[in-house]
file upload_2.cif (mmCIF, C-alpha atoms)
data_model
#
loop_
_atom_site.group_PDB
_atom_site.id
_atom_site.type_symbol
_atom_site.label_atom_id
_atom_site.label_comp_id
_atom_site.auth_asym_id
_atom_site.auth_seq_id
_atom_site.Cartn_x
_atom_site.Cartn_y
_atom_site.Cartn_z
ATOM 1 C CA MET A 35 101.422 180.926 55.139
ATOM 2 C CA GLU A 36 103.455 180.170 58.237
ATOM 3 C CA HIS A 37 102.976 176.689 59.563
ATOM 4 C CA GLY A 38 105.380 176.114 62.401
ATOM 5 C CA GLY A 39 104.352 173.924 65.297
ATOM 6 C CA GLY A 40 101.399 172.100 63.796
ATOM 7 C CA PRO A 41 100.551 168.472 63.091
ATOM 8 C CA GLU A 42 101.203 167.080 59.605
ATOM 9 C CA TRP A 43 97.535 166.565 58.766
ATOM 10 C CA ALA A 44 96.797 170.237 59.529
ATOM 11 C CA VAL A 45 99.662 171.430 57.325
ATOM 12 C CA TRP A 46 98.474 169.093 54.555
ATOM 13 C CA LEU A 47 94.909 170.400 54.913
ATOM 14 C CA GLN A 48 95.753 174.080 54.759
ATOM 15 C CA GLU A 49 98.217 173.676 51.888
ATOM 16 C CA GLY A 50 95.662 171.836 49.742
ATOM 17 C CA ALA A 51 93.602 173.361 46.933
ATOM 18 C CA VAL A 52 90.721 174.463 49.184
ATOM 19 C CA GLY A 53 93.007 176.205 51.682
ATOM 20 C CA ARG A 54 94.988 177.933 48.966
ATOM 21 C CA THR A 55 91.856 179.108 47.170
ATOM 22 C CA MET A 56 90.397 180.534 50.375
ATOM 23 C CA ARG A 57 93.601 182.439 51.146
ATOM 24 C CA GLU A 58 94.202 183.752 47.649
ATOM 25 C CA SER A 59 90.666 184.712 46.638
ATOM 26 C CA PHE A 60 89.697 188.299 47.472
ATOM 27 C CA LEU A 61 85.982 187.606 47.367
ATOM 28 C CA LEU A 62 85.656 184.093 48.722
ATOM 29 C CA TYR A 63 87.227 184.598 52.149
ATOM 30 C CA PRO A 64 85.049 187.574 53.199
ATOM 31 C CA LEU A 65 82.004 185.886 51.649
ATOM 32 C CA VAL A 66 82.525 182.686 53.646
ATOM 33 C CA ASN A 67 83.053 184.790 56.788
ATOM 34 C CA VAL A 68 79.800 186.679 56.194
ATOM 35 C CA LEU A 69 77.845 183.482 55.499
ATOM 36 C CA HIS A 70 79.265 181.973 58.687
ATOM 37 C CA ILE A 71 78.023 185.013 60.627
ATOM 38 C CA LEU A 72 74.548 184.807 59.065
ATOM 39 C CA GLY A 73 74.479 181.068 59.743
ATOM 40 C CA PHE A 74 75.352 181.298 63.396
ATOM 41 C CA THR A 75 73.003 184.239 63.856
ATOM 42 C CA ALA A 76 70.117 182.042 62.728
ATOM 43 C CA LEU A 77 71.462 179.078 64.727
ATOM 44 C CA ALA A 78 72.023 180.955 67.982
ATOM 45 C CA GLY A 79 69.006 183.201 67.509
ATOM 46 C CA GLY A 80 66.603 180.324 66.923
ATOM 47 C CA ILE A 81 67.930 178.462 69.942
ATOM 48 C CA LEU A 82 67.980 181.528 72.194
ATOM 49 C CA ALA A 83 64.324 182.234 71.430
ATOM 50 C CA VAL A 84 63.379 178.756 72.669
ATOM 51 C CA ASP A 85 65.756 179.005 75.659
ATOM 52 C CA LEU A 86 64.287 182.316 76.758
ATOM 53 C CA ARG A 87 60.804 180.808 76.617
ATOM 54 C CA LEU A 88 62.067 177.818 78.616
ATOM 55 C CA VAL A 89 63.393 180.041 81.422
ATOM 56 C CA GLY A 90 60.176 182.014 81.564
ATOM 57 C CA LEU A 91 60.068 184.786 78.979
ATOM 58 C CA GLY A 92 56.723 185.003 77.172
ATOM 59 C CA ARG A 93 55.090 182.220 79.130
ATOM 60 C CA ARG A 94 51.818 183.289 77.514
ATOM 61 C CA LEU A 95 53.063 181.589 74.322
ATOM 62 C CA PRO A 96 52.845 177.790 73.946
ATOM 63 C CA LEU A 97 56.454 176.551 73.987
ATOM 64 C CA ASP A 98 55.933 173.777 71.406
ATOM 65 C CA GLN A 99 54.682 176.378 68.924
ATOM 66 C CA VAL A 100 57.565 178.732 69.595
ATOM 67 C CA ALA A 101 59.904 175.791 69.033
ATOM 68 C CA ARG A 102 58.091 174.660 65.899
ATOM 69 C CA VAL A 103 58.833 178.054 64.324
ATOM 70 C CA MET A 104 62.289 178.760 65.745
ATOM 71 C CA LEU A 105 64.063 175.395 65.730
ATOM 72 C CA PRO A 106 63.899 175.021 61.938
ATOM 73 C CA VAL A 107 65.496 178.492 61.756
ATOM 74 C CA ALA A 108 68.262 177.156 63.990
ATOM 75 C CA LEU A 109 68.677 174.071 61.802
ATOM 76 C CA VAL A 110 69.051 176.149 58.656
ATOM 77 C CA GLY A 111 71.619 178.189 60.563
ATOM 78 C CA LEU A 112 73.475 174.998 61.490
ATOM 79 C CA ALA A 113 73.438 173.829 57.872
ATOM 80 C CA VAL A 114 75.162 177.090 56.866
ATOM 81 C CA SER A 115 77.491 177.439 59.889
ATOM 82 C CA VAL A 116 79.114 174.021 59.666
ATOM 83 C CA PRO A 117 80.398 174.011 56.064
ATOM 84 C CA THR A 118 81.452 177.677 56.244
ATOM 85 C CA GLY A 119 83.186 176.965 59.547
ATOM 86 C CA ALA A 120 84.966 174.026 57.945
ATOM 87 C CA LEU A 121 86.198 176.264 55.118
ATOM 88 C CA LEU A 122 87.435 178.845 57.611
ATOM 89 C CA PHE A 123 89.200 176.096 59.527
ATOM 90 C CA VAL A 124 90.917 174.710 56.434
ATOM 91 C CA THR A 125 92.174 178.218 55.552
ATOM 92 C CA GLU A 126 94.361 178.243 58.677
ATOM 93 C CA ALA A 127 94.193 174.669 59.942
ATOM 94 C CA VAL A 128 97.465 174.832 61.883
ATOM 95 C CA GLY A 129 96.630 178.158 63.524
ATOM 96 C CA MET A 130 93.111 177.004 64.419
ATOM 97 C CA TRP A 131 94.262 173.634 65.760
ATOM 98 C CA THR A 132 96.772 175.307 68.080
ATOM 99 C CA ASN A 133 94.450 178.154 69.112
ATOM 100 C CA PRO A 134 93.072 177.472 72.600
ATOM 101 C CA VAL A 135 90.082 179.764 72.109
ATOM 102 C CA PHE A 136 89.020 177.779 69.047
ATOM 103 C CA GLY A 137 89.277 174.572 71.059
ATOM 104 C CA TRP A 138 87.102 176.016 73.820
ATOM 105 C CA LYS A 139 84.527 177.165 71.300
ATOM 106 C CA VAL A 140 84.213 173.723 69.707
ATOM 107 C CA GLY A 141 84.064 172.104 73.158
ATOM 108 C CA ILE A 142 81.274 174.416 74.297
ATOM 109 C CA ILE A 143 79.298 173.768 71.125
ATOM 110 C CA ALA A 144 79.642 170.034 71.809
ATOM 111 C CA LEU A 145 78.305 170.617 75.338
ATOM 112 C CA ALA A 146 75.427 172.620 73.896
ATOM 113 C CA GLY A 147 74.633 169.713 71.583
ATOM 114 C CA ALA A 148 74.717 167.185 74.417
ATOM 115 C CA ASN A 149 72.479 169.449 76.498
ATOM 116 C CA ALA A 150 69.986 169.723 73.628
ATOM 117 C CA LEU A 151 69.964 165.962 73.127
ATOM 118 C CA ALA A 152 69.289 165.382 76.829
ATOM 119 C CA LEU A 153 66.407 167.857 76.767
ATOM 120 C CA HIS A 154 64.839 166.425 73.635
ATOM 121 C CA ALA A 155 65.265 162.784 74.663
ATOM 122 C CA GLY A 156 63.785 163.530 78.080
ATOM 123 C CA PRO A 157 61.217 166.104 79.151
ATOM 124 C CA TRP A 158 60.545 167.362 75.617
ATOM 125 C CA ARG A 159 58.301 164.421 74.864
ATOM 126 C CA ARG A 160 55.672 165.970 77.177
ATOM 127 C CA VAL A 161 56.296 169.578 76.059
ATOM 128 C CA ALA A 162 52.680 170.076 74.913
ATOM 129 C CA GLU A 163 51.654 169.790 78.601
ATOM 130 C CA TRP A 164 54.385 171.630 80.498
ATOM 131 C CA GLY A 165 54.976 174.135 77.712
ATOM 132 C CA ALA A 166 51.339 175.283 77.749
ATOM 133 C CA PRO A 167 50.572 178.965 78.461
ATOM 134 C CA GLY A 168 51.098 179.896 82.100
ATOM 135 C CA VAL A 169 52.589 176.509 83.093
ATOM 136 C CA LYS A 170 56.041 176.415 84.705
ATOM 137 C CA PRO A 171 58.259 173.881 82.892
ATOM 138 C CA PRO A 172 59.936 171.145 84.967
ATOM 139 C CA VAL A 173 63.208 172.134 86.637
ATOM 140 C CA PHE A 174 65.356 170.028 84.267
ATOM 141 C CA ALA A 175 63.870 171.754 81.227
ATOM 142 C CA ARG A 176 64.416 175.188 82.746
ATOM 143 C CA ALA A 177 67.979 174.274 83.696
ATOM 144 C CA ALA A 178 68.647 172.984 80.194
ATOM 145 C CA GLY A 179 67.331 176.278 78.791
ATOM 146 C CA ALA A 180 69.587 178.298 81.090
ATOM 147 C CA ALA A 181 72.584 176.096 80.290
ATOM 148 C CA SER A 182 71.888 176.455 76.583
ATOM 149 C CA LEU A 183 71.809 180.262 76.930
ATOM 150 C CA LEU A 184 75.180 180.113 78.689
ATOM 151 C CA PHE A 185 76.732 177.725 76.137
ATOM 152 C CA TRP A 186 75.598 179.582 73.018
ATOM 153 C CA MET A 187 76.511 183.030 74.275
ATOM 154 C CA SER A 188 79.911 181.683 75.249
ATOM 155 C CA ALA A 189 80.307 180.150 71.797
ATOM 156 C CA LEU A 190 79.536 183.492 70.142
ATOM 157 C CA ILE A 191 81.966 185.338 72.402
ATOM 158 C CA LEU A 192 84.735 182.766 71.894
ATOM 159 C CA GLY A 193 84.187 182.788 68.138
ATOM 160 C CA ARG A 194 84.847 186.524 68.084
ATOM 161 C CA LEU A 195 87.848 186.200 70.403
ATOM 162 C CA ILE A 196 89.635 183.639 68.187
ATOM 163 C CA ALA A 197 91.277 186.476 66.249
ATOM 164 C CA TYR A 198 92.696 188.019 69.407
ATOM 165 C CA PHE A 199 94.578 184.972 70.684
ATOM 166 C CA MET B 240 66.319 193.689 87.172
ATOM 167 C CA ASN B 241 63.969 190.757 86.499
ATOM 168 C CA ARG B 242 64.880 187.080 86.699
ATOM 169 C CA ILE B 243 65.432 186.600 82.969
ATOM 170 C CA ALA B 244 67.695 189.607 82.626
ATOM 171 C CA ARG B 245 69.734 188.584 85.671
ATOM 172 C CA ARG B 246 70.209 185.040 84.398
ATOM 173 C CA THR B 247 71.185 186.275 80.978
ATOM 174 C CA LEU B 248 73.724 188.686 82.397
ATOM 175 C CA ILE B 249 75.299 185.950 84.502
ATOM 176 C CA ALA B 250 75.469 183.684 81.481
ATOM 177 C CA ALA B 251 77.190 186.330 79.378
ATOM 178 C CA ALA B 252 79.708 187.139 82.111
ATOM 179 C CA LEU B 253 80.562 183.478 82.574
ATOM 180 C CA GLY B 254 80.974 183.090 78.849
ATOM 181 C CA ALA B 255 83.430 185.956 78.740
ATOM 182 C CA ALA B 256 85.313 184.615 81.764
ATOM 183 C CA LEU B 257 85.760 181.234 80.100
ATOM 184 C CA ALA B 258 88.010 182.607 77.373
ATOM 185 C CA PRO B 259 91.576 181.923 78.557
ATOM 186 C CA ALA B 260 93.447 185.170 79.063
ATOM 187 C CA ALA B 261 96.911 183.710 79.592
ATOM 188 C CA LEU B 262 97.791 182.231 76.226
ATOM 189 C CA ALA B 263 98.195 184.636 73.325
ATOM 190 C CA HIS B 264 100.089 183.205 70.392
ATOM 191 C CA HIS B 265 99.402 185.153 67.238
ATOM 192 C CA GLY B 266 96.186 187.077 67.576
ATOM 193 C CA TRP B 267 95.644 190.788 67.421
ATOM 194 C CA GLY B 268 95.822 191.017 71.199
ATOM 195 C CA SER B 269 99.360 189.643 71.310
ATOM 196 C CA TYR B 270 101.179 192.795 70.144
ATOM 197 C CA ASP B 271 102.516 195.512 72.429
ATOM 198 C CA SER B 272 100.904 198.682 71.117
ATOM 199 C CA ASN B 273 102.824 200.836 73.589
ATOM 200 C CA THR B 274 106.083 200.153 71.723
ATOM 201 C CA VAL B 275 106.429 201.474 68.197
ATOM 202 C CA LEU B 276 109.032 199.804 65.993
ATOM 203 C CA THR B 277 110.379 201.291 62.791
ATOM 204 C CA LEU B 278 112.221 198.784 60.612
ATOM 205 C CA ASN B 279 114.132 199.752 57.467
ATOM 206 C CA GLY B 280 115.046 196.742 55.417
ATOM 207 C CA THR B 281 114.520 194.443 52.475
ATOM 208 C CA ILE B 282 111.707 192.082 51.649
ATOM 209 C CA ARG B 283 113.008 188.523 51.474
ATOM 210 C CA ALA B 284 109.588 186.996 50.732
ATOM 211 C CA ALA B 285 105.940 188.024 50.871
ATOM 212 C CA THR B 286 102.526 186.368 50.962
ATOM 213 C CA TYR B 287 99.483 188.255 49.690
ATOM 214 C CA GLU B 288 96.855 186.023 51.284
ATOM 215 C CA ASN B 289 93.835 185.881 53.583
ATOM 216 C CA PRO B 290 93.337 186.388 56.453
ATOM 217 C CA HIS B 291 96.320 188.790 56.145
ATOM 218 C CA GLY B 292 99.495 189.093 54.104
ATOM 219 C CA THR B 293 102.944 188.614 55.623
ATOM 220 C CA LEU B 294 106.569 189.530 54.933
ATOM 221 C CA GLN B 295 109.826 187.800 55.671
ATOM 222 C CA PHE B 296 111.706 191.059 56.209
ATOM 223 C CA ASP B 297 115.457 191.519 56.681
ATOM 224 C CA ALA B 298 116.234 194.454 58.960
ATOM 225 C CA ASP B 299 118.786 195.186 61.698
ATOM 226 C CA GLY B 300 120.632 191.971 60.899
ATOM 227 C CA LYS B 301 117.554 189.833 61.624
ATOM 228 C CA THR B 302 114.733 188.300 59.621
ATOM 229 C CA TRP B 303 111.346 189.473 60.871
ATOM 230 C CA LEU B 304 107.875 188.083 60.355
ATOM 231 C CA VAL B 305 105.809 191.169 59.529
ATOM 232 C CA ILE B 306 102.010 190.855 59.658
ATOM 233 C CA LEU B 307 100.264 192.917 56.988
ATOM 234 C CA ALA B 308 96.554 193.378 56.144
ATOM 235 C CA PRO B 309 93.990 191.308 54.191
ATOM 236 C CA PRO B 310 94.804 191.321 50.451
ATOM 237 C CA SER B 311 91.521 193.059 49.621
ATOM 238 C CA ARG B 312 92.385 195.922 51.969
ATOM 239 C CA MET B 313 95.938 196.239 50.645
ATOM 240 C CA GLN B 314 94.688 196.315 47.095
ATOM 241 C CA ASN B 315 91.943 198.886 47.915
ATOM 242 C CA ARG B 316 94.615 201.126 49.367
ATOM 243 C CA GLY B 317 96.906 200.811 46.400
ATOM 244 C CA LEU B 318 99.426 198.262 47.649
ATOM 245 C CA GLU B 319 99.603 195.545 45.000
ATOM 246 C CA ALA B 320 101.286 192.166 45.367
ATOM 247 C CA ALA B 321 103.914 193.210 42.827
ATOM 248 C CA ALA B 322 105.024 196.033 45.140
ATOM 249 C CA LEU B 323 106.131 193.457 47.708
ATOM 250 C CA LYS B 324 108.363 191.292 45.556
ATOM 251 C CA PRO B 325 111.628 189.877 46.979
ATOM 252 C CA GLY B 326 114.494 192.361 47.028
ATOM 253 C CA THR B 327 112.234 195.388 47.498
ATOM 254 C CA VAL B 328 113.468 197.937 50.027
ATOM 255 C CA ALA B 329 110.799 199.045 52.479
ATOM 256 C CA THR B 330 110.089 200.625 55.834
ATOM 257 C CA VAL B 331 107.533 199.101 58.197
ATOM 258 C CA VAL B 332 106.194 200.764 61.319
ATOM 259 C CA GLY B 333 104.293 198.688 63.829
ATOM 260 C CA TYR B 334 104.086 196.856 67.115
ATOM 261 C CA PRO B 335 106.248 193.987 68.350
ATOM 262 C CA SER B 336 104.805 190.610 69.259
ATOM 263 C CA ARG B 337 104.679 189.831 72.967
ATOM 264 C CA ASN B 338 105.494 186.190 72.274
ATOM 265 C CA ASP B 339 107.989 186.201 69.411
ATOM 266 C CA PRO B 340 110.800 188.768 69.403
ATOM 267 C CA LEU B 341 111.095 188.451 65.609
ATOM 268 C CA GLU B 342 107.441 189.142 64.831
ATOM 269 C CA MET B 343 105.645 192.446 64.463
ATOM 270 C CA ARG B 344 102.283 193.713 63.259
ATOM 271 C CA ALA B 345 102.721 196.507 60.733
ATOM 272 C CA GLU B 346 100.546 199.605 61.031
ATOM 273 C CA ARG B 347 101.945 201.024 57.806
ATOM 274 C CA ILE B 348 104.474 200.183 55.119
ATOM 275 C CA THR B 349 106.425 202.532 52.871
ATOM 276 C CA VAL B 350 107.615 201.253 49.517
ATOM 277 C CA ASP B 351 109.151 203.467 46.810
ATOM 278 C CA GLY B 352 108.163 206.674 48.597
ATOM 279 C CA LYS B 353 104.520 205.588 48.997
ATOM 280 C CA THR B 354 103.091 204.816 52.441
ATOM 281 C CA THR B 355 100.110 202.508 52.837
ATOM 282 C CA GLU B 356 98.153 202.430 56.103
ATOM 283 C CA LEU B 357 97.329 198.854 56.950
ATOM 284 C CA ARG B 358 94.834 199.298 59.853
#
call {"tool": "encode", "arguments": {"input": "upload_2.cif", "output": "structure tokens"}}
result
Amino acid sequence: MEHGGGPEWAVWLQEGAVGRTMRESFLLYPLVNVLHILGFTALAGGILAVDLRLVGLGRRLPLDQVARVMLPVALVGLAVSVPTGALLFVTEAVGMWTNPVFGWKVGIIALAGANALALHAGPWRRVAEWGAPGVKPPVFARAAGAASLLFWMSALILGRLIAYF
Amino acid sequence: MNRIARRTLIAAALGAALAPAALAHHGWGSYDSNTVLTLNGTIRAATYENPHGTLQFDADGKTWLVILAPPSRMQNRGLEAAALKPGTVATVVGYPSRNDPLEMRAERITVDGKTTELR
């Protein structure tokens, strides 16, 4: 495993038992990759369903009920994506730390999280009213939905592009 | 195109545009596939690891970093770790790195008369 040009902690991390096991095991590395894909599919898919409803798709459906079904799906996806992502990171910690695309991806996910927090701390408290069938959500909620669509699609694209940079 | 579709398309395009095109340091996009290199030399060291194996390969008076394939793929195609032990003579054919003149991504490797496709 080459490790030129990386910080000490990253070299230490990837040369540890977890990193070595991930690199040397035939089954574990593809399995963790596949679980990461399934995890982020549920995470992004659950969120996108709510975002699309926020920006106006399926306005016949009550938004709080769409969210009640889809956000737990997203949370399960998060619970799978994070540990598998951590394992993938440890496998090539130096390469990941110095990869600009990886940095962008993590940054965009952080923005997506901040956006979600702002939405849920703010307008979401009255979602039963403005999320009712036929009602147009307030502009901040719609903007947060559109921003979330942008952030998560970018995260998916950047995740795929990591290998190419 | 309706409002939702238009917004989604814009979002996807922006997402793609955000990925920095300039910096390419080791990924699959950073090899020049218009130039084919053939190196005849000796394996100094090898790793048989995920995400892909590598060789320290002595050829043409230089030591190259040769990027191989995932170990599961190499094994499926009949290239075992033992075939890559230090001192083994081999030929690698592949593409040079755009960033490191001593790095290349092997398309195939020939050891002991047997050629293994790596892609």
call {"tool": "closest_atom_pairs", "arguments": {"input": "upload_2.cif", "of": "chain A", "to": "chain B", "cutoff": "9 Å", "atoms": "all atoms listed in the file", "output": "Markdown table"}}
result
| residue | atom | partner | partner_atom | distance |
| --- | --- | --- | --- | --- |
| A:Met35 | CA | B:Thr286 | CA | 6.9 |
| A:Glu36 | CA | B:Thr293 | CA | 8.9 |
| A:Arg54 | CA | B:Glu288 | CA | 8.6 |
| A:Met56 | CA | B:Asn289 | CA | 7.1 |
| A:Arg57 | CA | B:Asn289 | CA | 4.2 |
| A:Glu58 | CA | B:Glu288 | CA | 5.0 |
| A:Ser59 | CA | B:Asn289 | CA | 7.7 |
| A:Phe60 | CA | B:Ser311 | CA | 5.5 |
| A:Leu61 | CA | B:Ser311 | CA | 8.1 |
| A:Tyr63 | CA | B:Asn289 | CA | 6.9 |
| A:Pro64 | CA | B:Asn289 | CA | 9.0 |
| A:Leu86 | CA | B:Ile243 | CA | 7.6 |
| A:Val89 | CA | B:Ile243 | CA | 7.0 |
| A:Gly90 | CA | B:Ile243 | CA | 7.1 |
| A:Leu91 | CA | B:Ile243 | CA | 6.9 |
| A:Thr125 | CA | B:Asn289 | CA | 8.1 |
| A:Glu126 | CA | B:Pro290 | CA | 8.5 |
| A:Gly129 | CA | B:His265 | CA | 8.4 |
| A:Thr132 | CA | B:His264 | CA | 8.9 |
| A:Asn133 | CA | B:His264 | CA | 7.7 |
| A:Pro134 | CA | B:Pro259 | CA | 7.6 |
| A:Val135 | CA | B:Ala258 | CA | 6.3 |
| A:Trp138 | CA | B:Ala258 | CA | 7.5 |
| A:Lys139 | CA | B:Ala258 | CA | 8.9 |
| A:Ala180 | CA | B:Arg246 | CA | 7.5 |
| A:Ala181 | CA | B:Ala250 | CA | 8.2 |
| A:Leu183 | CA | B:Ala250 | CA | 6.8 |
| A:Leu184 | CA | B:Ala250 | CA | 4.5 |
| A:Phe185 | CA | B:Gly254 | CA | 7.4 |
| A:Trp186 | CA | B:Gly254 | CA | 8.7 |
| A:Met187 | CA | B:Ala251 | CA | 6.1 |
| A:Ser188 | CA | B:Gly254 | CA | 4.0 |
| A:Ala189 | CA | B:Gly254 | CA | 7.7 |
| A:Leu190 | CA | B:Gly254 | CA | 8.8 |
| A:Ile191 | CA | B:Ala255 | CA | 6.5 |
| A:Leu192 | CA | B:Ala258 | CA | 6.4 |
| A:Leu195 | CA | B:Ala258 | CA | 7.8 |
| A:Ile196 | CA | B:Gly266 | CA | 7.4 |
| A:Ala197 | CA | B:Gly266 | CA | 5.1 |
| A:Tyr198 | CA | B:Gly266 | CA | 4.1 |
| A:Phe199 | CA | B:Gly266 | CA | 4.1 |
call {"tool": "closest_residue", "arguments": {"input": "upload_2.cif", "among": "B:Lys301, B:Arg283, B:Lys353, B:Arg344", "to": "Leu323 (chain B)", "atoms": "all atoms listed in the file"}}
result
B:Arg283
call {"tool": "atom_distance", "arguments": {"input": "upload_2.cif", "atom1": "CA of Gly317 (chain B)", "atom2": "CA of Ala329 (chain B)"}}
result
15.3 Å
call {"tool": "residues_around", "arguments": {"input": "upload_2.cif", "residues": "Thr327 (chain B)", "least_positions_apart": "6", "cutoff": "9 Å", "atoms": "all atoms listed in the file", "output": "VMD selection string"}}
result
chain B and resid 280 to 283 350 to 351
call {"tool": "residues_around", "arguments": {"input": "upload_2.cif", "residues": "Arg316 (chain B)", "least_positions_apart": "5", "cutoff": "9 Å", "atoms": "all atoms listed in the file", "output": "PyMOL selection string"}}
result
chain B and resi 311+355-357
call {"tool": "write_last_selection", "arguments": {"input": "upload_2.cif", "atoms": "C-alpha atoms", "output": "short mmCIF file (atom, residue, chain, number, x, y, z; two decimals), in the frame of the given file"}}
result
data_model
loop_
_atom_site.label_atom_id
_atom_site.label_comp_id
_atom_site.auth_asym_id
_atom_site.auth_seq_id
_atom_site.Cartn_x
_atom_site.Cartn_y
_atom_site.Cartn_z
CA SER B 311 91.52 193.06 49.62
CA THR B 355 100.11 202.51 52.84
CA GLU B 356 98.15 202.43 56.10
CA LEU B 357 97.33 198.85 56.95
#
call {"tool": "residues_around", "arguments": {"input": "upload_2.cif", "residues": "Pro41 (chain A)", "least_positions_apart": "3", "cutoff": "9 Å", "atoms": "only C-alpha atoms", "output": "list in words"}}
result
Ala44, Val45, Trp46, Val128 and Trp131 of chain A
